[in-house]
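A short worksheet on the structure shown next.
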Amino acid sequence: MAEKLQFDLVSPERLLFSGEVDMVVVPGAEGDMGIMAGHAPVMSTLRPGIVNVDAAGKPQERIFVRGGFAEVTPKGLTVLAEYTVPLAELDAAALDREISHAQEDVSDAKTDAKRQAAQEKLDHLKQLRQVI
């Protein structure tokens with residue numbers, strides 16, 4: 001029997017995943033990293049992208065992440081992400097509507113602070129849209 005990797009994916013809102021898996025692919029700052037049991041210790045910041053979770057006998061789980069970091073230790077892999085959403089929960093049409101509203105918010109912003117906040121939200125929504 002192949003050795004399993006303990007994987008935990010945590011965001012500020014919730015614990016999205018905790019369990020033993022065969023492999024996880026993480027969007028590290030320097031490129032995608034495939035992590036399996038026995039991987040050398042490493043720490044990396046995350047770039048916006050998809051975490052792919054493979055466990056024998058289960059469908060692959062795909063989760064969008066933005067911001068945060070991944071740490072591999074002898075105990076397993078922990079991903080602490082600023083923002084996460086399972087791809088199965090994304091709706092392209094609803095996301096397109098939100099992007100349109102966010103573009104209006106950027107245009108209508110009266111102060112630099114409000115414009116910056118609206119632009120950050122718009123950029124985030126566009127990143128989500130690219131992955132679905």
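By convention here, the chains of the structure tokens are called A, B, ... in the order presented, each chain's residues are numbered starting at 1, and ligands are numbered starting at 1 in the order presented.
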Would you kindly return, as a JSON list (two decimals) with N, CA and C atoms, in the first residue's frame, each protein, DNA or RNA residue with an atom no farther than 10 Å from any atom of A:Gln116, considering only C-alpha atoms and excluding same-chain residues fewer than 6 positions away?
```json
[["chain", "number", "residue", "atom", "x", "y", "z"],
["A", 106, "VAL", "N", -15.58, 50.56, -9.75],
["A", 106, "VAL", "CA", -14.30, 51.22, -9.99],
["A", 106, "VAL", "C", -14.53, 52.57, -10.66],
["A", 109, "ALA", "N", -16.14, 55.19, -8.18],
["A", 109, "ALA", "CA", -15.47, 55.49, -6.91],
["A", 109, "ALA", "C", -15.10, 56.97, -6.84],
["A", 122, "LEU", "N", -12.28, 43.76, -8.24],
["A", 122, "LEU", "CA", -12.39, 43.45, -9.66],
["A", 122, "LEU", "C", -11.28, 42.50, -10.12]]
```
Residues of stretch 62-106 of chain A that approach stretch 27-40 of chain A to 10 Å or less, counting only C-alpha atoms: could you list each one with the shortest pair of atoms and its distance in Å to one decimal, rows by chain and increasing residue number, as CSV?
```
residue,atom,partner,partner_atom,distance
A:Phe64,CA,A:Pro27,CA,9.6
A:Val65,CA,A:Pro27,CA,8.3
A:Arg66,CA,A:Pro27,CA,9.3
A:Gly67,CA,A:Ala29,CA,9.8
A:Gly68,CA,A:Gly28,CA,9.8
A:Phe69,CA,A:Gly28,CA,7.9
A:Ala70,CA,A:Gly28,CA,7.6
A:Val72,CA,A:Ala40,CA,7.2
A:Thr73,CA,A:Ala40,CA,7.4
A:Pro74,CA,A:Gly38,CA,7.0
A:Lys75,CA,A:Ala37,CA,9.0
A:Gly76,CA,A:Ala37,CA,7.1
A:Leu77,CA,A:Ile35,CA,7.7
```
Okay, now the selection with N, CA and C atoms, as a PDB file, in the first residue's frame?
```pdb
ATOM      1  N   PHE A  64      -9.829  26.797  -6.028  1.00  0.00           N
ATOM      2  CA  PHE A  64      -9.126  28.032  -6.368  1.00  0.00           C
ATOM      3  C   PHE A  64      -8.576  28.646  -5.087  1.00  0.00           C
ATOM      4  N   VAL A  65      -7.309  29.089  -5.135  1.00  0.00           N
ATOM      5  CA  VAL A  65      -6.699  29.782  -4.002  1.00  0.00           C
ATOM      6  C   VAL A  65      -6.074  31.086  -4.480  1.00  0.00           C
ATOM      7  N   ARG A  66      -6.036  32.046  -3.557  1.00  0.00           N
ATOM      8  CA  ARG A  66      -5.363  33.304  -3.845  1.00  0.00           C
ATOM      9  C   ARG A  66      -4.708  33.775  -2.562  1.00  0.00           C
ATOM     10  N   GLY A  67      -3.415  34.049  -2.643  1.00  0.00           N
ATOM     11  CA  GLY A  67      -2.664  34.524  -1.489  1.00  0.00           C
ATOM     12  C   GLY A  67      -2.423  33.432  -0.474  1.00  0.00           C
ATOM     13  N   GLY A  68      -1.395  33.609   0.333  1.00  0.00           N
ATOM     14  CA  GLY A  68      -1.088  32.650   1.375  1.00  0.00           C
ATOM     15  C   GLY A  68       0.196  31.901   1.091  1.00  0.00           C
ATOM     16  N   PHE A  69       0.343  30.750   1.754  1.00  0.00           N
ATOM     17  CA  PHE A  69       1.551  29.963   1.550  1.00  0.00           C
ATOM     18  C   PHE A  69       1.283  28.482   1.767  1.00  0.00           C
ATOM     19  N   ALA A  70       2.240  27.683   1.281  1.00  0.00           N
ATOM     20  CA  ALA A  70       2.189  26.229   1.451  1.00  0.00           C
ATOM     21  C   ALA A  70       3.448  25.803   2.198  1.00  0.00           C
ATOM     22  N   VAL A  72       5.497  22.226   3.481  1.00  0.00           N
ATOM     23  CA  VAL A  72       5.646  20.778   3.542  1.00  0.00           C
ATOM     24  C   VAL A  72       6.598  20.471   4.691  1.00  0.00           C
ATOM     25  N   THR A  73       6.133  19.611   5.603  1.00  0.00           N
ATOM     26  CA  THR A  73       6.946  19.154   6.725  1.00  0.00           C
ATOM     27  C   THR A  73       6.904  17.626   6.718  1.00  0.00           C
ATOM     28  N   PRO A  74       7.674  16.983   7.582  1.00  0.00           N
ATOM     29  CA  PRO A  74       7.571  15.522   7.665  1.00  0.00           C
ATOM     30  C   PRO A  74       6.159  15.043   8.022  1.00  0.00           C
ATOM     31  N   LYS A  75       5.350  15.908   8.650  1.00  0.00           N
ATOM     32  CA  LYS A  75       3.984  15.535   9.018  1.00  0.00           C
ATOM     33  C   LYS A  75       3.005  15.659   7.863  1.00  0.00           C
ATOM     34  N   GLY A  76       3.353  16.423   6.804  1.00  0.00           N
ATOM     35  CA  GLY A  76       2.444  16.575   5.669  1.00  0.00           C
ATOM     36  C   GLY A  76       2.493  17.959   5.056  1.00  0.00           C
ATOM     37  N   LEU A  77       1.437  18.300   4.317  1.00  0.00           N
ATOM     38  CA  LEU A  77       1.325  19.572   3.609  1.00  0.00           C
ATOM     39  C   LEU A  77       0.206  20.395   4.227  1.00  0.00           C
TER      40      LEU A  77
END
```
Hey, can you check how far atom CA of A:Arg97 sits from atom CA of A:Arg115? 18.9 Å
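In this model, the gap between atom CA of A:Gly49 and atom CA of A:Lys126 comes to 12.0 Å.
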Could you tell me how far atom CA of A:Val24 sits from atom CA of A:Pro41, in Å to one decimal place?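 Taking atom CA of A:Pro41 as the start and atom CA of A:Val24 as the end point, the length is 14.5 Å.
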Contact residues around stretch 11-23 of chain A with only C-alpha atoms at 8 Å, ignoring same-chain residues under 6 positions, as a list in words: Glu3, Lys4, Leu5, Gly34, Ile35, Met36, Ala37, Val53, Asp54, Ala55, Ala56, Leu80, Ala81, Glu82, Tyr83 and Thr84 of chain A
Kindly indicate which residue among A:Ala94, A:Ala113, A:Leu128, A:Ile99 lies nearest to A:Ile50, using only C-alpha atoms for the distances. A:Leu128
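In this comparison, which uses only C-alpha atoms, the residue of A:Ala102, A:Leu46, A:Val85, A:Val131 approaching A:Ala118 most closely is A:Ala102.
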Please extract the residues of chain A with a backbone DSSP assignment of strand (DSSP E or B) and present them as an NGL selection string. :A and (5-10 or 15-21 or 23-28 or 31-36 or 42-46 or 49-54 or 61-73 or 76-86)
